[in-house]
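J.: Supplied structure: final_0.cif, mmCIF, C-alpha atoms and all ligand atoms.
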```cif
data_work
loop_
_atom_site.label_atom_id
_atom_site.label_comp_id
_atom_site.auth_asym_id
_atom_site.auth_seq_id
_atom_site.Cartn_x
_atom_site.Cartn_y
_atom_site.Cartn_z
CA MET A 5 110.25 120.44 73.49
CA GLN A 6 108.63 121.79 76.61
CA LEU A 7 106.28 119.63 78.56
CA GLN A 8 102.70 120.40 77.64
CA ALA A 9 99.33 119.19 78.74
CA PHE A 10 97.45 117.23 76.10
CA PRO A 11 93.69 116.78 76.01
CA CYS A 12 93.70 113.05 75.30
CA SER A 13 95.21 111.53 78.41
CA PRO A 14 95.74 107.79 78.07
CA SER A 15 93.64 105.74 80.43
CA SER A 16 95.28 103.97 83.32
CA ALA A 17 94.76 100.70 81.46
CA ASP A 18 97.03 102.07 78.74
CA GLN A 19 99.65 102.69 81.40
CA GLY A 20 99.64 99.01 82.26
CA ILE A 21 97.42 99.30 85.32
CA VAL A 22 94.49 96.92 85.14
CA HIS A 23 91.67 97.58 87.55
CA VAL A 24 89.94 94.56 89.00
CA PRO A 25 86.90 94.39 91.29
CA GLY A 26 87.19 95.59 94.87
CA ASN A 27 90.13 97.49 96.18
CA MET A 28 92.74 95.42 94.40
CA PHE A 29 94.63 96.34 91.30
CA LEU A 30 97.37 94.70 89.41
CA VAL A 31 100.34 96.26 87.71
CA ARG A 32 102.29 94.22 85.24
CA HIS A 33 105.77 95.07 84.08
CA HIS A 34 107.59 91.79 84.01
CA LEU A 35 111.18 92.38 84.98
CA TYR A 36 112.38 88.87 84.60
CA LYS A 37 112.50 88.67 80.85
CA TRP A 38 115.29 91.17 80.39
CA LYS A 39 117.51 89.17 82.66
CA SER A 40 117.87 86.52 79.97
CA HIS A 41 118.76 89.11 77.35
CA PHE A 42 121.76 90.76 78.93
CA ARG A 43 125.03 89.29 80.05
CA ILE A 44 128.52 90.25 81.17
CA ASP A 45 131.24 89.05 78.83
CA ALA A 46 134.55 87.51 79.87
CA ASP A 47 136.10 90.94 80.53
CA GLY A 48 133.24 91.98 82.73
CA LYS A 49 131.90 94.15 79.92
CA PHE A 50 128.17 94.43 79.64
CA VAL A 51 126.72 93.28 76.32
CA GLU A 52 123.24 93.06 74.90
CA ASP A 53 122.12 89.69 73.68
CA GLN A 54 121.71 89.75 69.93
CA PHE A 55 118.36 88.04 70.21
CA PHE A 56 116.86 90.76 72.34
CA PRO A 57 113.67 91.76 70.52
CA LYS A 58 113.93 94.98 68.55
CA ASN A 59 110.77 96.48 70.03
CA LEU A 60 112.26 96.12 73.51
CA ARG A 61 115.60 97.54 72.45
CA SER A 62 113.86 100.73 71.39
CA GLY A 63 111.84 100.64 74.56
CA ARG A 64 108.52 101.01 72.76
CA ARG A 65 105.40 99.14 73.80
CA PHE A 66 107.27 97.80 76.79
CA LEU A 67 104.39 97.51 79.17
CA ARG A 68 102.46 95.15 76.95
CA SER A 69 105.46 92.94 76.50
CA ILE A 70 107.24 92.75 79.81
CA GLY A 71 106.05 92.46 83.39
CA ALA A 72 106.64 91.49 87.10
CA SER A 73 103.53 91.28 88.98
CA ILE A 74 102.88 93.70 91.76
CA THR A 75 99.69 93.18 93.67
CA CYS A 76 98.38 95.97 95.82
CA SER A 77 96.01 95.53 98.71
CA ASN A 78 93.63 98.09 100.14
CA GLY A 79 96.14 98.80 102.87
CA ILE A 80 94.23 97.15 105.71
CA GLY A 81 96.17 94.87 108.03
CA LYS A 82 99.78 93.74 107.76
CA ASP A 83 101.67 95.20 104.82
CA PRO A 84 102.20 92.30 102.41
CA TYR A 85 105.26 93.97 100.87
CA ILE A 86 107.46 94.04 103.92
CA PRO A 87 109.40 90.81 104.40
CA SER A 88 108.58 88.92 107.59
CA ASN A 89 110.46 89.70 110.81
CA GLU A 90 112.18 86.32 110.73
CA LYS A 91 113.38 86.85 107.17
CA ILE A 92 114.56 90.40 107.61
CA SER A 93 116.32 89.87 110.95
CA ASP A 94 119.10 87.84 109.27
CA ALA A 95 119.51 90.20 106.32
CA ARG A 96 122.41 92.64 105.94
CA LEU A 97 121.08 94.15 102.74
CA ILE A 98 117.73 94.58 101.04
CA TYR A 99 117.46 95.86 97.49
CA ALA A 100 114.78 96.53 94.91
CA VAL A 101 115.16 96.61 91.15
CA ALA A 102 113.28 98.97 88.83
CA PRO A 103 115.18 99.09 85.51
CA ALA A 104 112.66 101.19 83.51
CA MET A 105 113.27 99.15 80.37
CA GLY A 106 110.88 101.22 78.29
CA HIS A 107 112.51 104.52 79.27
CA ASN A 108 115.42 104.63 76.87
CA GLN A 109 116.95 106.72 74.12
CA GLU A 110 119.47 105.16 71.80
CA SER A 111 123.04 106.27 72.59
CA HIS A 112 121.90 108.27 75.64
CA PRO A 113 124.16 107.69 78.66
CA GLU A 114 121.15 107.32 80.98
CA SER A 115 120.07 104.15 79.17
CA HIS A 116 118.07 101.06 80.01
CA PHE A 117 121.29 99.04 80.06
CA ARG A 118 122.35 100.52 83.39
CA VAL A 119 120.32 98.57 85.97
CA PRO A 120 120.57 95.23 84.14
CA ALA A 121 124.35 95.75 84.00
CA ILE A 122 124.40 96.07 87.79
CA VAL A 123 122.11 93.09 88.35
CA ASN A 124 124.15 90.91 86.00
CA ALA A 125 127.37 91.90 87.76
CA LEU A 126 125.79 91.09 91.13
CA GLU A 127 124.80 87.68 89.85
CA LYS A 128 128.20 87.05 88.34
CA MET A 129 129.85 87.99 91.64
CA GLU A 130 127.36 85.88 93.60
CA MET A 131 125.94 88.85 95.47
CA THR A 132 122.24 87.95 95.16
CA PRO A 133 119.83 85.99 97.39
CA LYS A 134 120.33 82.93 95.19
CA PHE A 135 123.93 82.70 96.43
CA ARG A 136 123.65 84.37 99.85
CA GLY A 137 120.49 82.93 101.31
CA SER A 138 118.93 85.17 103.92
CA GLU A 139 121.87 87.59 104.04
CA ILE A 140 120.59 89.48 101.02
CA ILE A 141 116.92 90.08 100.26
CA GLU A 142 115.55 91.29 96.96
CA LEU A 143 112.25 93.03 97.47
CA GLN A 144 110.26 91.41 94.70
CA SER A 145 106.96 93.18 95.08
CA PHE A 146 106.27 96.81 95.69
CA LYS A 147 103.70 99.37 94.75
CA PRO A 148 104.38 102.22 92.35
CA ALA A 149 104.43 105.55 94.20
CA SER A 150 101.07 107.30 94.26
CA VAL A 151 100.50 110.69 92.71
CA ASP A 152 100.12 112.01 96.26
CA ASP A 153 103.59 110.66 97.10
CA ILE A 154 105.05 112.46 94.08
CA ALA A 155 103.09 115.61 94.89
CA SER A 156 104.78 115.79 98.30
CA VAL A 157 107.78 117.13 96.35
CA HIS A 158 106.56 118.09 92.87
CA ALA A 159 103.83 120.45 91.64
CA ARG A 160 100.65 118.55 90.74
CA ALA A 161 100.54 120.40 87.41
CA TYR A 162 103.89 118.85 86.50
CA VAL A 163 102.76 115.37 87.50
CA SER A 164 99.50 115.55 85.53
CA GLY A 165 101.23 117.25 82.59
CA LEU A 166 103.75 114.42 82.38
CA GLU A 167 101.01 111.80 82.51
CA LYS A 168 99.16 113.55 79.70
CA ALA A 169 102.35 113.87 77.66
CA MET A 170 102.57 110.07 77.52
CA ASP A 171 100.00 110.15 74.73
CA GLN A 172 102.32 112.23 72.58
CA ALA A 173 105.30 110.10 73.62
CA SER A 174 103.55 106.94 72.50
CA GLN A 175 102.78 108.50 69.11
CA GLN A 176 106.28 109.89 68.58
CA GLY A 177 108.31 107.20 70.37
CA ILE A 178 110.33 109.76 72.28
CA ILE A 179 109.82 113.35 73.40
CA PHE A 180 111.99 115.80 75.27
CA ILE A 181 110.47 117.08 78.48
CA ASP A 182 113.16 119.45 79.71
CA GLY A 183 113.72 122.75 77.94
CA SER A 184 117.48 122.32 78.13
CA GLY A 185 117.25 119.14 76.07
CA PRO A 186 118.84 116.10 77.67
CA THR A 187 115.80 114.73 79.51
CA TYR A 188 113.66 112.46 77.38
CA ALA A 189 110.43 110.57 77.92
CA THR A 190 108.94 107.57 76.17
CA ALA A 191 105.45 106.10 76.41
CA THR A 192 106.32 104.30 79.63
CA THR A 193 108.23 107.05 81.42
CA PHE A 194 105.41 108.22 83.66
CA HIS A 195 104.56 104.77 84.92
CA GLU A 196 108.16 103.59 85.23
CA SER A 197 109.07 106.74 87.17
CA LEU A 198 106.26 105.95 89.62
CA VAL A 199 107.66 102.43 89.95
CA ALA A 200 111.17 103.80 90.64
CA ALA A 201 109.92 106.13 93.37
CA GLY A 202 107.77 103.30 94.74
CA ALA A 203 110.79 101.04 95.08
CA GLY A 204 112.50 103.65 97.26
CA ILE A 205 109.41 104.05 99.41
CA ALA A 206 109.07 100.29 99.85
CA LEU A 207 112.70 100.06 100.98
CA VAL A 208 112.09 102.80 103.54
CA ASP A 209 109.13 100.75 104.82
CA SER A 210 111.24 97.58 105.02
CA VAL A 211 114.25 99.17 106.71
CA VAL A 212 112.07 101.01 109.23
CA ALA A 213 110.14 97.80 110.01
CA ALA A 214 113.39 95.90 110.52
CA SER A 215 114.80 98.62 112.78
CA LYS A 216 111.93 98.06 115.20
CA ASN A 217 113.10 94.49 115.78
CA CYS A 218 116.86 94.69 115.61
CA LEU A 219 119.65 97.17 116.27
CA ASP A 220 121.41 96.42 113.02
CA PRO A 221 118.76 96.36 110.28
CA PRO A 222 119.71 95.75 106.63
CA VAL A 223 120.77 98.68 104.48
CA GLY A 224 118.35 99.36 101.62
CA PHE A 225 119.50 99.92 98.04
CA ALA A 226 117.12 101.08 95.31
CA LEU A 227 118.53 99.99 91.95
CA ILE A 228 116.24 102.30 90.06
CA ARG A 229 115.98 104.67 87.16
CA PRO A 230 115.25 107.23 85.87
CA PRO A 231 117.39 108.97 88.45
CA GLY A 232 115.95 111.78 90.53
CA HIS A 233 118.25 114.31 92.18
CA HIS A 234 118.17 116.96 89.41
CA ALA A 235 114.35 116.95 89.10
CA ILE A 236 113.11 120.22 90.55
CA PRO A 237 109.74 120.70 92.25
CA LEU A 238 108.30 122.23 89.07
CA GLY A 239 109.61 119.73 86.55
CA PRO A 240 112.14 117.28 85.16
CA MET A 241 115.79 118.12 84.65
CA GLY A 242 119.13 116.51 83.83
CA PHE A 243 117.93 112.96 82.95
CA CYS A 244 115.78 113.01 86.11
CA VAL A 245 111.98 112.73 86.21
CA PHE A 246 110.85 112.48 89.85
CA GLY A 247 113.03 113.22 92.88
CA ASN A 248 113.14 109.66 94.23
CA VAL A 249 115.22 110.45 97.31
CA ALA A 250 113.23 113.61 98.13
CA ILE A 251 109.93 111.73 97.78
CA ALA A 252 111.24 109.01 100.12
CA ALA A 253 112.35 111.65 102.64
CA ARG A 254 108.86 113.18 102.77
CA TYR A 255 107.37 109.69 102.95
CA ALA A 256 109.61 108.72 105.89
CA GLN A 257 108.41 111.80 107.75
CA ARG A 258 104.75 111.36 106.90
CA ALA A 259 104.31 107.59 107.13
CA HIS A 260 106.81 106.75 109.88
CA GLY A 261 107.13 109.94 111.92
CA LEU A 262 110.87 110.09 111.18
CA LYS A 263 111.11 113.83 111.51
CA ARG A 264 114.77 114.44 110.83
CA VAL A 265 116.18 113.16 107.55
CA PHE A 266 119.83 113.43 106.57
CA ILE A 267 120.49 113.17 102.83
CA ILE A 268 124.00 112.53 101.53
CA ASP A 269 124.47 113.08 97.78
CA PHE A 270 127.86 111.93 96.48
CA ASP A 271 126.93 111.95 92.79
CA VAL A 272 129.51 113.92 90.77
CA HIS A 273 126.81 116.48 89.94
CA HIS A 274 125.04 118.79 92.34
CA GLY A 275 121.68 117.41 93.50
CA ASN A 276 119.97 120.69 92.72
CA GLY A 277 116.46 119.21 92.77
CA THR A 278 116.80 117.82 96.29
CA ASN A 279 118.58 121.04 97.31
CA ASP A 280 115.62 123.13 96.10
CA ALA A 281 112.94 120.86 97.57
CA PHE A 282 114.28 121.30 101.12
CA TYR A 283 116.11 124.61 100.95
CA ASP A 284 114.00 126.21 103.68
CA ASP A 285 113.27 123.04 105.67
CA PRO A 286 115.15 122.73 108.98
CA ASP A 287 114.20 119.06 109.39
CA ILE A 288 115.83 117.76 106.22
CA PHE A 289 119.58 118.20 105.98
CA PHE A 290 120.88 118.04 102.41
CA LEU A 291 124.62 117.52 102.00
CA SER A 292 126.03 117.37 98.49
CA THR A 293 129.58 116.82 97.30
CA HIS A 294 130.08 117.38 93.59
CA GLN A 295 132.67 118.41 91.06
CA ASP A 296 133.11 122.17 90.98
CA GLY A 297 131.81 123.64 87.71
CA SER A 298 129.97 120.51 86.58
CA TYR A 299 126.31 120.34 85.52
CA PRO A 300 124.08 122.15 86.40
CA GLY A 301 126.43 124.77 87.87
CA THR A 302 124.58 125.16 91.17
CA GLY A 303 125.69 124.00 94.61
CA LYS A 304 128.16 126.72 95.49
CA VAL A 305 129.63 126.65 98.95
CA ASP A 306 127.56 129.65 100.08
CA GLU A 307 124.26 127.93 99.24
CA VAL A 308 123.41 126.91 102.81
CA GLY A 309 119.63 127.01 103.01
CA ARG A 310 117.18 129.82 103.68
CA GLY A 311 114.91 131.02 106.48
CA ASP A 312 114.28 128.26 109.01
CA GLY A 313 116.38 125.98 106.82
CA GLU A 314 119.48 128.15 106.93
CA GLY A 315 122.38 125.86 107.82
CA THR A 316 120.67 122.59 106.86
CA THR A 317 121.97 122.63 103.30
CA LEU A 318 125.66 121.99 102.81
CA ASN A 319 127.29 122.18 99.40
CA LEU A 320 130.88 121.16 98.85
CA PRO A 321 132.17 121.63 95.31
CA LEU A 322 135.37 119.59 94.90
CA PRO A 323 138.07 120.51 92.41
CA GLY A 324 138.43 118.30 89.32
CA GLY A 325 140.86 115.44 90.00
CA SER A 326 139.67 114.92 93.60
CA GLY A 327 139.71 111.24 94.47
CA ASP A 328 139.86 108.75 97.28
CA ILE A 329 142.03 110.84 99.62
CA ALA A 330 139.80 113.89 99.20
CA MET A 331 136.57 111.98 99.76
CA THR A 332 137.88 110.11 102.80
CA THR A 333 138.85 113.45 104.36
CA VAL A 334 135.49 114.96 103.41
CA PHE A 335 133.68 112.09 105.08
CA ASP A 336 135.68 112.28 108.31
CA GLU A 337 135.80 116.07 108.59
CA ILE A 338 132.47 117.16 107.07
CA ILE A 339 129.89 114.41 106.54
CA ALA A 340 130.27 112.53 109.85
CA PRO A 341 130.41 115.61 112.15
CA CYS A 342 127.51 117.20 110.31
CA ALA A 343 125.34 114.12 110.70
CA GLN A 344 126.38 113.75 114.36
CA ARG A 345 125.33 117.32 115.05
CA PHE A 346 122.04 117.00 113.14
CA LYS A 347 120.97 113.76 114.89
CA PRO A 348 118.89 112.25 112.08
CA ASP A 349 116.13 109.66 112.37
CA ILE A 350 117.08 108.15 109.00
CA ILE A 351 119.87 108.61 106.45
CA LEU A 352 119.08 108.56 102.72
CA VAL A 353 121.80 108.54 100.09
CA SER A 354 121.80 109.81 96.52
CA ALA A 355 124.36 107.29 95.33
CA GLY A 356 125.76 108.47 92.02
CA TYR A 357 128.67 106.50 90.60
CA ASP A 358 129.68 109.06 87.98
CA GLY A 359 132.52 110.39 90.13
CA HIS A 360 134.44 107.23 89.17
CA VAL A 361 137.67 107.92 87.32
CA LEU A 362 136.40 105.81 84.40
CA ASP A 363 133.07 107.60 84.10
CA PRO A 364 132.72 109.54 80.85
CA LEU A 365 130.65 112.44 82.22
CA ALA A 366 133.02 114.04 84.71
CA SER A 367 136.62 114.23 85.91
CA LEU A 368 136.85 113.23 89.54
CA GLN A 369 139.11 110.30 90.42
CA PHE A 370 136.94 108.18 92.67
CA THR A 371 137.69 104.48 92.45
CA THR A 372 135.69 101.37 93.23
CA GLY A 373 137.47 101.50 96.59
CA THR A 374 136.14 105.02 97.23
CA TYR A 375 132.59 103.74 96.90
CA TYR A 376 133.34 100.82 99.23
CA MET A 377 134.72 103.29 101.78
CA LEU A 378 131.64 105.53 101.49
CA ALA A 379 129.22 102.61 101.80
CA SER A 380 130.91 101.19 104.91
CA LYS A 381 131.29 104.54 106.63
CA ILE A 382 127.70 105.59 105.89
CA LYS A 383 126.38 102.25 107.17
CA LEU A 384 128.33 102.74 110.41
CA LEU A 385 127.13 106.32 110.73
CA ALA A 386 123.51 105.17 110.41
CA LYS A 387 124.09 102.47 113.01
CA ASP A 388 125.57 105.02 115.43
CA LEU A 389 123.01 107.76 114.86
CA CYS A 390 119.64 106.43 113.75
CA GLY A 391 119.18 102.75 114.53
CA GLY A 392 120.84 101.72 111.26
CA ARG A 393 118.01 103.14 109.13
CA CYS A 394 119.65 103.87 105.79
CA VAL A 395 118.56 103.60 102.15
CA PHE A 396 120.72 104.20 99.07
CA PHE A 397 119.19 105.42 95.80
CA LEU A 398 120.95 104.95 92.47
CA GLU A 399 121.54 108.27 90.70
CA GLY A 400 124.24 108.63 88.00
CA GLY A 401 126.99 106.31 86.77
CA TYR A 402 127.44 105.88 83.04
CA ASN A 403 130.40 103.57 82.54
CA LEU A 404 128.56 100.27 82.90
CA LYS A 405 131.62 98.43 84.12
CA SER A 406 132.74 100.87 86.83
CA LEU A 407 129.09 101.44 87.79
CA SER A 408 128.34 97.77 88.32
CA TYR A 409 131.62 96.93 90.07
CA SER A 410 131.23 99.93 92.37
CA VAL A 411 127.67 98.99 93.32
CA ALA A 412 128.82 95.39 93.92
CA ASP A 413 131.62 96.64 96.18
CA SER A 414 129.10 98.83 98.03
CA PHE A 415 127.10 95.63 98.58
CA ARG A 416 130.24 93.99 100.02
CA ALA A 417 130.62 96.90 102.41
CA PHE A 418 127.05 96.46 103.64
CA LEU A 419 127.72 92.75 104.18
CA GLY A 420 130.88 93.55 106.15
CA GLU A 421 133.03 91.73 103.60
CA GLN A 422 136.39 92.76 102.25
CA SER A 423 136.52 95.01 99.22
CA LEU A 424 137.47 93.47 95.90
CA ALA A 425 138.25 96.91 94.47
CA SER A 426 141.90 96.03 93.90
CA GLU A 427 140.81 93.48 91.30
CA PHE A 428 139.14 96.23 89.31
CA ASP A 429 140.94 99.49 90.09
CA ASN A 430 144.09 100.37 88.18
CA PRO A 431 146.24 102.82 90.22
CA ALA A 432 148.37 103.46 87.12
CA ILE A 433 145.65 105.61 85.55
CA LEU A 434 145.38 107.91 88.58
CA TYR A 435 147.26 111.17 88.88
CA GLU A 436 148.05 113.29 91.91
CA GLU A 437 144.99 114.77 93.63
CA PRO A 438 144.81 118.58 93.95
CA SER A 439 145.35 118.35 97.72
CA THR A 440 145.88 122.08 98.39
CA LYS A 441 142.66 123.05 96.61
CA VAL A 442 140.78 120.23 98.35
CA LYS A 443 142.07 121.38 101.73
CA GLN A 444 140.96 124.95 100.99
CA ALA A 445 137.48 123.81 99.92
CA ILE A 446 137.10 121.73 103.09
CA GLN A 447 138.33 124.58 105.32
CA ARG A 448 135.88 126.99 103.71
CA VAL A 449 132.92 124.68 104.32
CA LYS A 450 134.03 124.01 107.89
CA HIS A 451 134.22 127.75 108.53
CA ILE A 452 130.82 128.51 106.96
CA HIS A 453 129.10 125.67 108.85
CA SER A 454 131.07 126.07 112.09
CA LEU A 455 132.36 122.52 112.00
ZN ZN B 1 125.47 112.71 88.07
#
```
Using structure tokens, write down the structure that the file contains.

T.:
Amino acid sequence: MQLQAFPCSPSSADQGIVHVPGNMFLVRHHLYKWKSHFRIDADGKFVEDQFFPKNLRSGRRFLRSIGASITCSNGIGKDPYIPSNEKISDARLIYAVAPAMGHNQESHPESHFRVPAIVNALEKMEMTPKFRGSEIIELQSFKPASVDDIASVHARAYVSGLEKAMDQASQQGIIFIDGSGPTYATATTFHESLVAAGAGIALVDSVVAASKNCLDPPVGFALIRPPGHHAIPLGPMGFCVFGNVAIAARYAQRAHGLKRVFIIDFDVHHGNGTNDAFYDDPDIFFLSTHQDGSYPGTGKVDEVGRGDGEGTTLNLPLPGGSGDIAMTTVFDEIIAPCAQRFKPDIILVSAGYDGHVLDPLASLQFTTGTYYMLASKIKLLAKDLCGGRCVFFLEGGYNLKSLSYSVADSFRAFLGEQSLASEFDNPAILYEEPSTKVKQAIQRVKHIHSL
């Protein structure tokens, strides 16, 4: 079903936003309750607690049932959402969690189990503030993105149409908002998508604030969904609702004067939405590696930007079977020199974990170790080039086990700790990488971009 505008838009109160006197408002979407309903079993497999209420499993009526409180001020004075200088100066990592528990379709790979699976793995591996003290900060409170934030990337007609469609979604339980089918919405999708984008924005604020006081600020990681990199300026696409990373890029420019933004997208699919949003923009470099021929079929090597933006889009389709060796070479020969030449003010990362060899949606051969390598090299790159300002955004990753272990190993990289990938990765399932084809693809990109 195509997205349509409906005359009976639900009020903001129906979206879970309760207006109170003055310039304050309160949003409730308690995150804590789901934590007690999900667990990792003895094999590290993610399982749903059998006592998890049925209405939450289906994702319906979520906002009335679940909530973390987010209090928003009128914006005057010190931002209450940014951790204090003392707290942030010790941190190596700051993350925010927006699991979108109401945005779910049964049996859909982009499910509400994904973020809880990661958080549970982090807890099991003692990678949370509870175990690490000031080394790791979880940003507990943040504002949802505003419609103006979203409209810096997306058409206002799309944003208002989606909000209006929530009425239909609440009547029907689930609707499909992308003509090609796989992108669904539930009654809470609009609000939860604002929360996801807001988490990314808040991490940009925190990392930028920290970078003013220390040379090695924490890396930000937005554990959010729905994902964003397929969402095009005119609408949703490919499980994605709002372009979280693109919205954060525009925000970094507008709110912090960080003119030059370098976006690395290592999801297995082409980040066509981000690509399109900045295709003619010389100040935002978009670099995507993806599996050749995978969804949505865009991101060919000759798609390099247009007009003033010609040369600031780089697409590298990798042959199926590419793995750790390919990606390490790509980083050293393409990503690092490109970023060094561009001289960014901040690096944002569309971190998709669906290139993992165990992921069901594609056929690259990345391992947990590949994601550790990418996280440590990107952190170093940001330290060398832009004062360490760097925020990761969760995109794909549909095998809950490889997704959560890979994110946990990325966390280890940010902390400067040794990888535990060898405990998870099984080299016996890997086959030989297509090294000749990889070399050709890399040479072609180097030639086109004069690297
Ligand atoms: Zn993907």

J.: At a cut-off of 8 Å around ligand ZN 1 (chain B), and using only C-alpha atoms and all ligand atoms, what residues come up? Please write them as a PDB file with C-alpha atoms, in the frame of the given file.

T.:
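As a result, out-v2.pdb now contains:
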```
ATOM      1  CA  ASP A 271     126.930 111.950  92.790  1.00  0.00           C
ATOM      2  CA  VAL A 272     129.510 113.920  90.770  1.00  0.00           C
ATOM      3  CA  HIS A 273     126.810 116.480  89.940  1.00  0.00           C
ATOM      4  CA  HIS A 274     125.040 118.790  92.340  1.00  0.00           C
ATOM      5  CA  GLY A 356     125.760 108.470  92.020  1.00  0.00           C
ATOM      6  CA  TYR A 357     128.670 106.500  90.600  1.00  0.00           C
ATOM      7  CA  ASP A 358     129.680 109.060  87.980  1.00  0.00           C
ATOM      8  CA  GLY A 359     132.520 110.390  90.130  1.00  0.00           C
ATOM      9  CA  LEU A 365     130.650 112.440  82.220  1.00  0.00           C
ATOM     10  CA  GLU A 399     121.540 108.270  90.700  1.00  0.00           C
ATOM     11  CA  GLY A 400     124.240 108.630  88.000  1.00  0.00           C
ATOM     12  CA  GLY A 401     126.990 106.310  86.770  1.00  0.00           C
TER      13      GLY A 401
END
```

J.: Could you check which of A:Leu455, A:Ile446, A:Ala189, A:Val157 is closest to Phe243 of chain A, using only C-alpha atoms?

T.: A:Ala189

J.: Fewer than 2 positions away in the same chain doesn't count, so skip those; otherwise give me all residues within 8 Å of Ala159 of chain A, counting all atoms listed in the file, as a list of chain:residue names.

T.: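 Near neighbours after the sequence-gap exclusion: A:Ala155, A:Val157, A:Ala161, A:Tyr162, A:Val163, A:Pro237, A:Leu238, A:Gly239.
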
J.: Counting all atoms listed in the file, which residue out of A:Tyr376, A:Ile329, A:Lys216, A:Val151 sits closest to Glu421 of chain A?

T.: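 Residue with the minimum atom-to-atom distance to Glu421 of chain A: A:Tyr376.
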
J.: Counting only C-alpha atoms, figure out which residue out of A:Tyr409, A:Tyr188, A:Phe418, A:Phe370 gets nearest to Tyr435 of chain A.

T.: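 Closest residue, counting only C-alpha atoms: A:Phe370.
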
J.: Rank nothing, just name the residue among A:Thr193, A:Gln257, A:Thr332, A:Ser210 nearest to Pro240 of chain A, using only C-alpha atoms.

T.: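 Checking each of A:Thr193, A:Gln257, A:Thr332, A:Ser210 against Pro240 of chain A, counting only C-alpha atoms, the winner is A:Thr193.
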
J.: What's around Ile236 of chain A at 9 Å? Count all atoms listed in the file, leave out sequence neighbours fewer than 6 positions away in its own chain, and write the answer as an NGL selection string.

T.: :A and (157-158 or 244-247 or 276-281)

J.: Can I get the selection written as an mmCIF file, in the frame of the given file, with C-alpha atoms?

T.:
```cif
data_model
loop_
_atom_site.group_PDB
_atom_site.id
_atom_site.type_symbol
_atom_site.label_atom_id
_atom_site.label_comp_id
_atom_site.auth_asym_id
_atom_site.auth_seq_id
_atom_site.Cartn_x
_atom_site.Cartn_y
_atom_site.Cartn_z
ATOM 1 C CA VAL A 157 107.780 117.130 96.350
ATOM 2 C CA HIS A 158 106.560 118.090 92.870
ATOM 3 C CA CYS A 244 115.780 113.010 86.110
ATOM 4 C CA VAL A 245 111.980 112.730 86.210
ATOM 5 C CA PHE A 246 110.850 112.480 89.850
ATOM 6 C CA GLY A 247 113.030 113.220 92.880
ATOM 7 C CA ASN A 276 119.970 120.690 92.720
ATOM 8 C CA GLY A 277 116.460 119.210 92.770
ATOM 9 C CA THR A 278 116.800 117.820 96.290
ATOM 10 C CA ASN A 279 118.580 121.040 97.310
ATOM 11 C CA ASP A 280 115.620 123.130 96.100
ATOM 12 C CA ALA A 281 112.940 120.860 97.570
#
```

J.: Of the candidates A:Ser408, A:Gln109, A:Thr316, A:Thr333, which one gets nearest to Val265 of chain A if we count all atoms listed in the file?

T.: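 The shortest atom-to-atom distance to Val265 of chain A comes from A:Thr316.
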
J.: Measuring atom to atom with all atoms listed in the file, identify which of A:Ala235, A:Val212, A:Ala200, A:Ile122 is nearest to Gly261 of chain A.

T.: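 Result for the nearest residue to Gly261 of chain A: A:Val212.
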
J.: Give me the residues within 10 Å of Val123 of chain A as a PyMOL selection string, counting all atoms listed in the file and dropping any in the same chain fewer than 2 places off.

T.: chain A and resi 39+42-43+101+103+118-121+125-129+131-132+227+408+411-412

J.: Which value, in Å to one decimal, gives the distance between atom CA of Ser197 of chain A and atom CA of Pro321 of chain A?

T.: 28.7 Å

J.: At most 12 Å from (109.7, 112.5, 67.0), file frame, only C-alpha atoms: which residues, as a list in words?

T.: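 All residues meeting the 12 Å criterion around (109.7, 112.5, 67.0) are Met5, Gln109, Gln172, Ala173, Ser174, Gln175, Gln176, Gly177, Ile178, Ile179, Phe180, Tyr188, Ala189 and Thr190 of chain A.
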
J.: Give me the residues within 8 Å of Phe396 of chain A as a list in words, counting all atoms listed in the file and dropping any in the same chain fewer than 3 places off.

T.: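 Listed by chain and then number, they are Val223, Gly224, Phe225, Ala226, Leu352, Val353, Ser354 and Ala355 of chain A.
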
J.: Grab the residues selected above and save them as a short mmCIF file (atom, residue, chain, number, x, y, z; two decimals), in the coordinates of the input with C-alpha atoms.

T.:
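Okay, out-v3.cif is ready:
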```cif
data_model
loop_
_atom_site.label_atom_id
_atom_site.label_comp_id
_atom_site.auth_asym_id
_atom_site.auth_seq_id
_atom_site.Cartn_x
_atom_site.Cartn_y
_atom_site.Cartn_z
CA VAL A 223 120.77 98.68 104.48
CA GLY A 224 118.35 99.36 101.62
CA PHE A 225 119.50 99.92 98.04
CA ALA A 226 117.12 101.08 95.31
CA LEU A 352 119.08 108.56 102.72
CA VAL A 353 121.80 108.54 100.09
CA SER A 354 121.80 109.81 96.52
CA ALA A 355 124.36 107.29 95.33
#
```

J.: What is the distance between atom CA of Gly204 of chain A and atom CA of Glu337 of chain A, in Å to one decimal?

T.: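 Straight-line distance from atom CA of Gly204 of chain A to atom CA of Glu337 of chain A works out to 28.7 Å.
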
J.: Would you compute the distance between atom CA of Lys405 of chain A and atom CA of Ser426 of chain A? Give it in Å to one decimal.

T.: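 Taking atom CA of Lys405 of chain A as the start and atom CA of Ser426 of chain A as the end point, the length is 14.4 Å.
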
J.: Name the residues in contact with Leu434 of chain A at a cut-off of 10 Å, using all atoms listed in the file, excluding same-chain residues fewer than 5 positions from it; report them as a VMD selection string.

T.: chain A and resid 325 327 361 369 to 371 429

J.: Generate a file for segment 258-263 of chain A, containing C-alpha atoms, as a CSV table (one decimal), in the first residue's frame.

T.:
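Dumped everything to result-v7.csv:
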```csv
chain,number,residue,atom,x,y,z
A,258,ARG,CA,23.6,23.4,11.1
A,259,ALA,CA,23.9,23.2,14.9
A,260,HIS,CA,27.7,22.9,15.2
A,261,GLY,CA,29.1,24.5,12.1
A,262,LEU,CA,30.9,21.3,11.2
A,263,LYS,CA,30.8,22.0,7.5
```
